[in-house]
Every structure is written in C-alpha cells, then in structure tokens.
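Just query_16.cif here, mmCIF, C-alpha atoms and all ligand atoms:
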data_data
#
loop_
_atom_site.label_atom_id
_atom_site.label_comp_id
_atom_site.auth_asym_id
_atom_site.auth_seq_id
_atom_site.Cartn_x
_atom_site.Cartn_y
_atom_site.Cartn_z
CA MET A 19 73.14 99.29 112.45
CA ASN A 20 73.25 96.22 110.22
CA ILE A 21 72.76 93.50 112.83
CA GLY A 22 69.71 91.41 112.09
CA LYS A 23 69.12 92.77 108.60
CA PRO A 24 68.81 90.18 105.85
CA ILE A 25 71.50 90.41 103.16
CA GLN A 26 70.88 89.78 99.48
CA ALA A 27 71.32 86.09 98.76
CA ALA A 28 72.91 86.85 95.37
CA ALA A 29 76.01 88.21 97.11
CA ALA A 30 76.63 84.84 98.77
CA ASP A 31 78.18 83.17 95.73
CA THR A 32 81.47 84.98 95.21
CA THR A 33 81.57 87.90 97.64
CA GLY A 34 83.44 87.16 100.85
CA LEU A 35 83.12 90.55 102.51
CA ASP A 36 80.97 93.46 101.49
CA VAL A 37 81.25 96.67 103.49
CA ASN A 38 78.81 99.26 102.23
CA ASP A 39 78.89 102.90 103.40
CA VAL A 40 79.74 101.93 106.99
CA SER A 41 80.30 104.56 109.67
CA VAL A 42 81.30 103.90 113.27
CA ILE A 43 80.98 106.61 115.89
CA TYR A 44 82.38 105.93 119.36
CA ARG A 45 80.49 107.08 122.48
CA ASN A 46 82.72 110.13 122.79
CA GLY A 47 81.54 111.27 119.36
CA ASN A 48 84.71 110.20 117.54
CA ARG A 49 83.82 109.12 114.00
CA ALA A 50 86.43 106.39 113.47
CA LEU A 51 84.96 105.09 110.18
CA ASP A 52 83.22 107.41 107.77
CA GLY A 53 81.19 105.92 104.94
CA ALA A 54 83.65 103.06 104.33
CA SER A 55 82.84 100.87 101.32
CA PHE A 56 84.82 98.00 99.82
CA SER A 57 84.33 94.40 98.89
CA VAL A 58 86.55 91.36 98.79
CA PRO A 59 85.90 88.11 96.92
CA LYS A 60 86.12 84.65 98.48
CA GLY A 61 89.53 83.04 98.13
CA SER A 62 91.56 86.21 98.56
CA ILE A 63 94.13 87.84 100.82
CA THR A 64 93.56 91.56 101.29
CA ALA A 65 95.95 93.98 102.98
CA LEU A 66 94.40 96.66 105.16
CA VAL A 67 96.86 99.55 105.17
CA GLY A 68 96.71 102.94 106.89
CA ILE A 69 98.38 105.14 109.48
CA ASN A 70 97.91 104.69 113.24
CA GLY A 71 94.38 105.70 114.16
CA SER A 72 93.04 105.34 110.61
CA GLY A 73 90.32 102.91 111.71
CA LYS A 74 91.78 99.47 110.93
CA SER A 75 91.03 97.97 114.36
CA THR A 76 87.64 99.69 114.37
CA LEU A 77 86.82 98.00 111.07
CA PHE A 78 87.84 94.63 112.55
CA LYS A 79 85.65 95.33 115.60
CA ALA A 80 82.71 96.17 113.34
CA LEU A 81 83.23 92.90 111.43
CA MET A 82 83.23 91.02 114.74
CA GLY A 83 80.14 92.81 116.03
CA PHE A 84 82.10 94.38 118.92
CA VAL A 85 81.09 97.93 117.95
CA PRO A 86 77.75 98.93 116.46
CA THR A 87 77.72 100.60 113.06
CA ALA A 88 76.06 104.02 113.00
CA SER A 89 75.05 103.48 109.35
CA GLY A 90 75.69 101.21 106.40
CA GLN A 91 75.64 97.44 105.93
CA ILE A 92 78.18 94.65 106.34
CA SER A 93 77.83 91.30 104.65
CA ILE A 94 80.12 88.39 105.56
CA MET A 95 79.97 85.42 103.21
CA GLY A 96 76.57 86.71 102.15
CA LEU A 97 75.27 86.90 105.73
CA ALA A 98 74.60 89.69 108.22
CA VAL A 99 77.25 90.06 110.95
CA ASN A 100 75.27 88.40 113.77
CA GLU A 101 74.39 85.44 111.54
CA ALA A 102 78.02 85.01 110.39
CA LEU A 103 79.20 85.18 114.01
CA SER A 104 76.64 82.64 115.19
CA ARG A 105 77.96 80.27 112.51
CA ASN A 106 81.55 80.83 113.72
CA LEU A 107 82.57 82.14 110.33
CA VAL A 108 84.74 85.02 111.58
CA ALA A 109 88.06 84.29 113.31
CA TYR A 110 90.38 86.90 114.76
CA VAL A 111 94.15 86.72 115.18
CA PRO A 112 94.89 89.57 117.62
CA GLN A 113 97.84 91.91 117.99
CA SER A 114 100.33 90.55 120.51
CA GLU A 115 99.93 93.59 122.76
CA GLU A 116 96.24 92.83 123.29
CA ILE A 117 96.96 89.61 125.17
CA ASP A 118 97.96 89.08 128.80
CA TRP A 119 100.75 86.54 128.29
CA SER A 120 101.17 85.94 132.04
CA PHE A 121 97.77 84.20 132.08
CA PRO A 122 98.57 80.50 132.66
CA VAL A 123 97.11 78.60 129.71
CA LEU A 124 98.51 75.78 127.60
CA VAL A 125 98.97 76.07 123.84
CA GLU A 126 96.41 73.29 123.21
CA ASP A 127 93.87 75.10 125.40
CA VAL A 128 94.26 78.30 123.36
CA VAL A 129 93.58 76.33 120.18
CA MET A 130 90.63 74.55 121.84
CA MET A 131 89.07 78.00 122.46
CA GLY A 132 88.48 78.07 118.70
CA ARG A 133 86.08 75.15 119.21
CA TYR A 134 83.96 76.82 121.92
CA GLY A 135 81.46 78.15 119.39
CA HIS A 136 80.93 74.59 118.13
CA MET A 137 80.25 73.17 121.63
CA ASN A 138 77.16 73.28 123.82
CA PHE A 139 76.99 75.64 126.81
CA LEU A 140 78.74 73.12 129.09
CA ARG A 141 81.76 73.21 126.77
CA MET A 142 82.26 69.44 126.86
CA THR A 143 85.00 68.58 124.38
CA ARG A 144 84.01 65.93 121.87
CA PRO A 145 86.34 63.68 119.84
CA GLU A 146 85.86 65.92 116.77
CA ASP A 147 87.01 68.95 118.78
CA ARG A 148 90.21 67.15 119.77
CA VAL A 149 90.79 66.08 116.15
CA ALA A 150 90.30 69.70 114.97
CA VAL A 151 92.83 70.94 117.55
CA ASP A 152 95.36 68.22 116.61
CA GLU A 153 95.02 69.01 112.90
CA ALA A 154 95.29 72.76 113.41
CA LEU A 155 98.44 72.44 115.57
CA GLU A 156 99.95 70.09 113.01
CA ARG A 157 99.19 72.47 110.19
CA VAL A 158 101.00 75.40 111.80
CA GLY A 159 103.90 73.17 112.90
CA MET A 160 103.25 73.63 116.64
CA SER A 161 102.26 70.08 117.74
CA ALA A 162 105.48 69.67 119.72
CA PHE A 163 104.63 72.74 121.79
CA ARG A 164 101.07 71.80 122.76
CA LYS A 165 101.78 71.31 126.47
CA ARG A 166 103.79 74.52 126.80
CA GLN A 167 102.44 77.66 128.46
CA ILE A 168 101.53 80.17 125.77
CA GLY A 169 103.55 82.88 127.57
CA GLU A 170 106.73 80.79 127.16
CA LEU A 171 106.66 80.93 123.35
CA SER A 172 108.41 83.32 120.98
CA GLY A 173 106.42 86.04 119.20
CA GLY A 174 106.25 84.05 115.94
CA GLN A 175 105.23 80.84 117.72
CA LYS A 176 102.42 82.68 119.53
CA LYS A 177 101.13 84.00 116.19
CA ARG A 178 101.10 80.47 114.80
CA VAL A 179 99.11 79.23 117.82
CA PHE A 180 96.47 81.93 117.23
CA LEU A 181 96.35 80.97 113.56
CA ALA A 182 95.79 77.38 114.72
CA ARG A 183 92.91 78.64 116.88
CA ALA A 184 91.37 80.27 113.77
CA LEU A 185 91.82 76.99 111.84
CA ALA A 186 90.26 74.92 114.65
CA GLN A 187 87.34 77.34 114.64
CA GLU A 188 86.89 76.60 110.92
CA GLY A 189 86.73 80.37 110.37
CA GLN A 190 86.00 81.35 106.79
CA VAL A 191 86.89 85.01 107.24
CA ILE A 192 90.15 85.46 109.13
CA LEU A 193 91.04 88.91 110.46
CA LEU A 194 94.75 89.25 111.17
CA ASP A 195 95.89 92.28 113.14
CA GLU A 196 99.58 93.00 112.43
CA PRO A 197 100.55 89.32 112.01
CA PHE A 198 104.21 90.05 111.21
CA THR A 199 105.13 92.37 114.07
CA GLY A 200 107.91 90.79 116.12
CA VAL A 201 108.17 87.83 113.73
CA ASP A 202 111.38 86.72 111.99
CA VAL A 203 111.61 86.27 108.22
CA THR A 204 111.36 82.46 108.34
CA THR A 205 108.18 82.55 110.42
CA GLU A 206 106.78 85.33 108.23
CA THR A 207 107.32 83.09 105.20
CA GLN A 208 105.61 80.16 106.99
CA ILE A 209 102.62 82.33 107.91
CA ILE A 210 102.37 83.64 104.32
CA GLU A 211 102.45 80.06 102.96
CA LEU A 212 99.65 79.09 105.36
CA LEU A 213 97.58 82.12 104.31
CA LYS A 214 98.04 81.15 100.66
CA GLU A 215 96.80 77.60 101.42
CA MET A 216 93.78 79.07 103.19
CA ARG A 217 93.13 81.32 100.18
CA ALA A 218 93.15 78.24 97.94
CA GLU A 219 90.47 76.78 100.23
CA GLY A 220 88.23 79.76 99.41
CA ARG A 221 88.63 81.59 102.73
CA VAL A 222 88.96 85.35 103.05
CA MET A 223 91.92 86.88 104.86
CA LEU A 224 91.97 90.56 105.83
CA VAL A 225 95.43 91.49 107.07
CA SER A 226 96.22 94.82 108.74
CA THR A 227 99.90 95.55 108.29
CA HIS A 228 102.52 98.28 108.33
CA ASN A 229 104.84 95.88 106.50
CA LEU A 230 104.38 97.55 103.11
CA GLY A 231 107.10 95.56 101.32
CA SER A 232 105.35 92.24 101.91
CA VAL A 233 101.97 93.34 100.58
CA PRO A 234 102.61 92.88 96.83
CA GLU A 235 104.22 89.50 97.60
CA PHE A 236 101.22 87.78 99.09
CA CYS A 237 98.14 90.03 99.02
CA ASP A 238 96.14 89.91 95.82
CA ARG A 239 94.13 92.92 96.98
CA ALA A 240 94.64 95.98 99.15
CA VAL A 241 92.41 98.46 100.94
CA LEU A 242 93.95 101.82 101.85
CA ILE A 243 92.10 103.46 104.70
CA ASN A 244 91.98 106.73 106.59
CA LYS A 245 88.51 106.71 108.16
CA ARG A 246 87.28 106.65 104.57
CA ILE A 247 88.44 104.11 101.99
CA LEU A 248 91.07 105.89 99.89
CA ALA A 249 91.60 103.08 97.38
CA GLU A 250 90.64 99.43 97.10
CA GLY A 251 91.08 96.67 94.55
CA PRO A 252 93.84 94.47 93.09
CA THR A 253 97.21 95.23 94.69
CA ALA A 254 98.88 96.09 91.38
CA LYS A 255 96.30 98.80 90.81
CA VAL A 256 96.03 100.12 94.36
CA PHE A 257 99.58 99.89 95.66
CA THR A 258 101.00 102.87 93.81
CA HIS A 259 103.25 105.68 94.93
CA ASP A 260 100.45 108.23 94.71
CA ASN A 261 97.91 106.16 96.63
CA LEU A 262 100.41 105.41 99.39
CA GLN A 263 101.26 109.10 99.66
CA LYS A 264 97.53 109.79 99.93
CA ALA A 265 97.18 107.20 102.70
CA PHE A 266 100.25 108.18 104.70
CA GLY A 267 100.86 111.82 103.80
CA GLY A 268 103.97 113.08 105.57
CA VAL A 269 104.09 110.06 107.89
CA LEU A 270 105.71 107.75 105.36
CA ARG A 271 109.48 107.69 104.99
CA HIS A 272 110.31 108.19 101.36
CA PHE A 273 113.69 107.84 99.66
CA VAL A 274 114.44 108.19 95.96
CA LEU A 275 117.77 107.02 94.54
CA GLY A 276 118.41 107.91 90.96
CA GLY A 277 120.90 109.09 88.38
CA GLU A 278 124.45 109.25 89.68
CA ASP A 279 123.58 107.68 93.03
CA LEU A 280 122.45 104.52 91.33
CA HIS A 281 124.09 104.15 87.94
CA ASP A 282 127.32 105.07 86.21
CA ASP A 283 125.62 104.86 82.84
CA ASP A 284 122.80 106.90 81.35
CA ASP A 285 120.06 104.58 82.62
CA SER A 286 117.41 107.05 83.84
CA ARG A 287 115.54 104.62 86.07
CA GLN A 288 115.37 105.33 89.78
CA VAL A 289 114.58 103.42 92.94
CA THR A 290 111.80 104.71 95.18
CA VAL A 291 111.63 103.32 98.73
CA LEU A 292 108.45 103.88 100.74
CA THR A 293 108.51 102.70 104.34
CA ASP A 294 106.20 102.85 107.31
CA ASP A 295 109.22 101.81 109.42
CA GLU A 296 108.83 98.14 108.73
CA ARG A 297 109.75 96.33 105.53
CA PRO A 298 109.83 99.01 102.81
CA PHE A 299 107.94 99.05 99.53
CA VAL A 300 110.44 99.49 96.70
CA ILE A 301 109.54 100.77 93.23
CA TYR A 302 112.19 100.41 90.52
CA GLY A 303 111.79 101.93 87.09
CA GLU A 304 110.70 105.07 85.37
CA THR A 305 106.97 104.46 84.96
CA GLU A 306 106.17 105.90 88.37
CA ARG A 307 108.57 108.83 87.90
CA LYS A 308 107.15 109.72 84.51
CA ALA A 309 103.61 109.48 85.81
CA ARG A 310 104.46 111.84 88.65
CA GLU A 311 106.33 114.29 86.46
CA GLU A 312 103.41 114.36 84.06
CA GLY A 313 101.07 114.85 87.02
CA GLY A 314 103.21 117.80 88.14
CA ALA A 315 104.08 116.20 91.49
N1 LIG B 401 86.87 102.98 122.36
C1 LIG B 401 87.14 104.11 121.71
N2 LIG B 401 86.50 105.26 122.02
C2 LIG B 401 86.76 106.40 121.34
N3 LIG B 401 87.63 106.50 120.31
C3 LIG B 401 88.29 105.39 119.97
C4 LIG B 401 88.10 104.14 120.62
N4 LIG B 401 88.90 103.20 120.05
C5 LIG B 401 89.57 103.84 119.07
N5 LIG B 401 89.23 105.15 119.01
C6 LIG B 401 89.71 106.16 118.07
O1 LIG B 401 89.24 105.80 116.78
C7 LIG B 401 90.23 106.09 115.79
C8 LIG B 401 90.60 104.80 115.05
O2 LIG B 401 91.26 103.93 115.95
P1 LIG B 401 91.71 102.45 115.52
O3 LIG B 401 92.18 101.75 116.77
O4 LIG B 401 90.63 101.82 114.73
O5 LIG B 401 92.96 102.77 114.55
P2 LIG B 401 94.02 101.76 113.86
O6 LIG B 401 94.04 102.09 112.41
O7 LIG B 401 93.73 100.37 114.25
O8 LIG B 401 95.40 102.23 114.52
P3 LIG B 401 96.79 101.39 114.77
O9 LIG B 401 97.53 101.31 113.47
O10 LIG B 401 97.50 102.30 115.75
O11 LIG B 401 96.43 100.05 115.37
C9 LIG B 401 91.41 106.71 116.55
O12 LIG B 401 91.28 108.11 116.46
C10 LIG B 401 91.22 106.22 117.97
O13 LIG B 401 91.76 107.15 118.88
#
As structure tokens, how would this structure be written, given the file I've shared?
Amino acid sequence: MNIGKPIQAAAADTTGLDVNDVSVIYRNGNRALDGASFSVPKGSITALVGINGSGKSTLFKALMGFVPTASGQISIMGLAVNEALSRNLVAYVPQSEEIDWSFPVLVEDVVMMGRYGHMNFLRMTRPEDRVAVDEALERVGMSAFRKRQIGELSGGQKKRVFLARALAQEGQVILLDEPFTGVDVTTETQIIELLKEMRAEGRVMLVSTHNLGSVPEFCDRAVLINKRILAEGPTAKVFTHDNLQKAFGGVLRHFVLGGEDLHDDDDSRQVTVLTDDERPFVIYGETERKAREEGGA
C-alpha cells in the first residue's frame, strides 16, 4: 500500500500522475487491477478506455484513496495519495447513476461541497469560499441555476455543476467518470472546451469514457485498460485499430466499408468504424488496412 510513503521529489516537476505496478484486490479476492503502470504529464487530458469491469472505477478509487492498493505506488502531482488528498488536489466528477438525485440540495450547495476541504471542522463559509463558488458556477455557465434543486436539472446541467464543484475545490487532478453519458452534443462541446482550458492551466484530467469517437478530438493521451494496462501514451500512437481490438476483443462493434460499397472509382481506401455503442471511432484510409494485411490479421 502506498499511503504514507514519500515519493521522489524529482517527479513533482512535470509528472501529474504516476501509477507504478499497482494491484488492487477486493476483499472477495477479486484482483481488479493487476500490475497497472502508466504516467501522465501535467497539463494533459487522458482518456481511460476499457470494457465494463476492466478496472476503470477501481483505478479512480485507488487514486482517491477509497481502496487500498495491494502493491505498487501512486504519485499524484509528485505526492503520495494521502498527501495529495489532504491538499485537496484530487477532484472527482461521478457517474450520474452514483448519485441520489432525490436528495434535496441546491446547486450552489453542491458546488460549496468542493470547498469543505478548505474549511475548518465547523465548515463556516468564508468570503473566499463564496467567491470560489460564484466563479466556478460562472465558468460552467450555471450561475442562473444556483438556487435550483440539483435533481431538477438535465443530465448535462448536472455534469456542469459537478465540474463547478471540482473547480471550486481547486482540484489539480480531475477524475471524470463517463462525463458524456446522457449529455447532448452542445453540452459535450462545452465540457470539452472547459477541459481544454483546465489543461492549459496545467491540471490533469483523467476521463473514463465509452465515447471512442470523441477521444482523438480532445484527449492528447489515452490509457487502454483491462486489469492490466494494454497501451498508454499519446492518442495518435495508442488509439489504433489493433490496440482497440486488444482492449475490447469481441465486445466492440466493428464495421468496414470499402471498395464498391464506398466508391465507384478504383480508390482502394476503406472506412473502419469501431464503436462501443456510443460515438464511434472512424478510421479512413489504407494505412490501417495495409498494416493489418501485412500483420496477417
Ligand atoms: N467492491 C467490490 N468488491 C469486489 N469486486 C468488485 C468491487 N467493485 C468492483 N469489483 C469488480 O472489480 C472489477 C472491476 O470493476 P470496475 O467497477 O473497476 O470496472 P469499470 O471498468 O469501472 O466498469 P464500468 O465500465 O462498467 O464502469 C469487476 O470485475 C467488478 O465486478
């Protein structure tokens, strides 16, 4: 277990997240993460992609100190997990299903929760807490909704409120669990723009998503996971047909349109569509085809 261990100071400069040979074993003996290693620089947006049950949420829980690691080390902004958490560096934007929306709480109160870690144990709000909440709501375009019950908002508006909570927290590492599920294209674009701004501020965003088509648009890096890390690095290098097949196996829907279906000339290029039932990842051209033919696939 890494908690309490000092982390090398040298990593603090450019490394945002460093996960080194981390395994997580649940009480029932289920090994949900098995020797996972990857690292992500500051000022980056990284997609976390894998099938259901591949360990994405478990990785988030390990980064938030909710589950102990059986082995390995985690460094967050150059600090051990407990130190990073005590400095409020890690913010979490949960999946919608994890929240009881019937709980009566105002939008501004949800965002204020992001300030709790900055307050004393009496949780007295100070002027700077109110300013942080105002600024965060303004930044996600939700100021007009501050007195509404959170349960009365649309799926996309709720996501923006939780992003505001992460901003109010001044989180430097933001973990986003399926941020685009149940969100329309306009809101998805707004969220992506906000994530890009946060990247420019040097923060680290780790985004679990089944929305494969969006990944090359806004994630500069990707981590493909199935208990182990199957591939990690810059999206252009990692997000290939072969790696996605490795990550999803038979689960992924896969269409190839080529030849007569696509052209009435002798253009040999084909379109490959890979989808995990959300926005598909589309590959156009012959580079992938040639590579596969040469590889005997
Ligand atoms: N509390 C727990 N106790 C035992 N096993 C668990 C527990 N939570 C998750 N698991 C198991 O650990 C594995 C990884 O689960 P995890 O929730 O991390 O997957 P995921 O990649 O987030 O899936 P999804 O895409 O469905 O959200 C699964 O086999 C799951 O059944």
Quiz prompt | Cut-off 7 Å, all atoms listed in the file, neighbours of ligand LIG 401 (chain B) as a VMD selection string | solution = chain A and resid 44 to 46 48 to 50 68 to 77
Compile a residue-level contact table for segment 160-182 of chain A against segment 199-215 of chain A at a cut-off of 10 Å, reporting for every qualifying residue the shortest atom pair and its distance in Å to one decimal, with only C-alpha atoms counted, rows ordered by chain and ascending number, as a Markdown table.
| residue | atom | partner | partner_atom | distance |
| --- | --- | --- | --- | --- |
| A:Ser172 | CA | A:Val201 | CA | 8.5 |
| A:Gly173 | CA | A:Gly200 | CA | 5.9 |
| A:Gly174 | CA | A:Val201 | CA | 4.8 |
| A:Gln175 | CA | A:Thr205 | CA | 8.1 |
| A:Lys176 | CA | A:Val201 | CA | 9.7 |
| A:Lys177 | CA | A:Val201 | CA | 8.4 |
| A:Arg178 | CA | A:Ile209 | CA | 7.3 |
| A:Leu181 | CA | A:Ile209 | CA | 8.5 |
Quiz prompt | Distance query Ile94 of chain A at most 7 Å, only C-alpha atoms, self and fewer than 2 positions along chain excluded, as a ChimeraX atom specification | solution = /A:34-36,92,96-99,102
Practice problem: Can you pull out every residue within 10 Å of Leu103 of chain A, counting only C-alpha atoms, but drop anything in the same chain fewer than 3 positions away, and send it as number ranges by chain? | Solution: A: 81-83, 94, 97-100, 106-109, 135, 189
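For the set A:Ala162, A:Met216, A:Leu248, A:Val123, the residue with the smallest atom-to-atom gap to Leu51 of chain A is A:Leu248, counting all atoms listed in the file.
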Quiz prompt | Polymer residues at most 8 Å from (88.8, 73.0, 117.3) by all atoms listed in the file, as an MDAnalysis selection string | solution = chainID A and resid 129:134 146:151 154 183 185:188
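The smallest atom-to-atom distance between Leu230 of chain A and any of A:Val40, A:Met142, A:Leu262, A:Val179, using all atoms listed in the file, is found for A:Leu262.
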Quiz item: Looking at only C-alpha atoms, which of A:Ala182, A:Ile247, A:Ala240, A:Pro234 is the one that sits closest to Ser161 of chain A?
Solution: A:Ala182
With N, CA and C atoms as the goal, would you fill in the gaps in segment 141-157 of chain A and present it as a PDB file, keeping the file's coordinate frame?
ATOM      1  N   ARG A 141      80.410  73.286 127.360  1.00  0.00           N
ATOM      2  CA  ARG A 141      81.760  73.210 126.770  1.00  0.00           C
ATOM      3  C   ARG A 141      82.429  71.855 127.001  1.00  0.00           C
ATOM      4  N   MET A 142      81.672  70.784 126.779  1.00  0.00           N
ATOM      5  CA  MET A 142      82.260  69.440 126.860  1.00  0.00           C
ATOM      6  C   MET A 142      82.989  69.181 125.549  1.00  0.00           C
ATOM      7  N   THR A 143      84.270  68.848 125.633  1.00  0.00           N
ATOM      8  CA  THR A 143      85.000  68.580 124.380  1.00  0.00           C
ATOM      9  C   THR A 143      84.619  67.205 123.841  1.00  0.00           C
ATOM     10  N   ARG A 144      84.386  67.166 122.539  1.00  0.00           N
ATOM     11  CA  ARG A 144      84.010  65.930 121.870  1.00  0.00           C
ATOM     12  C   ARG A 144      85.214  65.431 121.057  1.00  0.00           C
ATOM     13  N   PRO A 145      85.198  64.177 120.618  1.00  0.00           N
ATOM     14  CA  PRO A 145      86.340  63.680 119.840  1.00  0.00           C
ATOM     15  C   PRO A 145      86.644  64.578 118.637  1.00  0.00           C
ATOM     16  N   GLU A 146      85.594  65.095 117.964  1.00  0.00           N
ATOM     17  CA  GLU A 146      85.860  65.920 116.770  1.00  0.00           C
ATOM     18  C   GLU A 146      86.556  67.239 117.124  1.00  0.00           C
ATOM     19  N   ASP A 147      86.316  67.728 118.350  1.00  0.00           N
ATOM     20  CA  ASP A 147      87.010  68.950 118.780  1.00  0.00           C
ATOM     21  C   ASP A 147      88.504  68.663 118.955  1.00  0.00           C
ATOM     22  N   ARG A 148      88.795  67.503 119.558  1.00  0.00           N
ATOM     23  CA  ARG A 148      90.210  67.150 119.770  1.00  0.00           C
ATOM     24  C   ARG A 148      90.909  66.918 118.431  1.00  0.00           C
ATOM     25  N   VAL A 149      90.202  66.309 117.487  1.00  0.00           N
ATOM     26  CA  VAL A 149      90.790  66.080 116.150  1.00  0.00           C
ATOM     27  C   VAL A 149      91.077  67.432 115.483  1.00  0.00           C
ATOM     28  N   ALA A 150      90.123  68.373 115.602  1.00  0.00           N
ATOM     29  CA  ALA A 150      90.300  69.700 114.970  1.00  0.00           C
ATOM     30  C   ALA A 150      91.514  70.416 115.558  1.00  0.00           C
ATOM     31  N   VAL A 151      91.685  70.300 116.886  1.00  0.00           N
ATOM     32  CA  VAL A 151      92.830  70.940 117.550  1.00  0.00           C
ATOM     33  C   VAL A 151      94.132  70.284 117.092  1.00  0.00           C
ATOM     34  N   ASP A 152      94.150  68.938 117.053  1.00  0.00           N
ATOM     35  CA  ASP A 152      95.360  68.220 116.610  1.00  0.00           C
ATOM     36  C   ASP A 152      95.743  68.644 115.197  1.00  0.00           C
ATOM     37  N   GLU A 153      94.746  68.672 114.313  1.00  0.00           N
ATOM     38  CA  GLU A 153      95.020  69.010 112.900  1.00  0.00           C
ATOM     39  C   GLU A 153      95.529  70.437 112.764  1.00  0.00           C
ATOM     40  N   ALA A 154      94.901  71.345 113.525  1.00  0.00           N
ATOM     41  CA  ALA A 154      95.290  72.760 113.410  1.00  0.00           C
ATOM     42  C   ALA A 154      96.725  72.962 113.908  1.00  0.00           C
ATOM     43  N   LEU A 155      97.071  72.309 115.041  1.00  0.00           N
ATOM     44  CA  LEU A 155      98.440  72.440 115.570  1.00  0.00           C
ATOM     45  C   LEU A 155      99.448  71.856 114.590  1.00  0.00           C
ATOM     46  N   GLU A 156      99.070  70.740 113.992  1.00  0.00           N
ATOM     47  CA  GLU A 156      99.950  70.090 113.010  1.00  0.00           C
ATOM     48  C   GLU A 156     100.187  71.011 111.825  1.00  0.00           C
ATOM     49  N   ARG A 157      99.114  71.649 111.395  1.00  0.00           N
ATOM     50  CA  ARG A 157      99.190  72.470 110.190  1.00  0.00           C
ATOM     51  C   ARG A 157     100.090  73.693 110.361  1.00  0.00           C
TER      52      ARG A 157
END
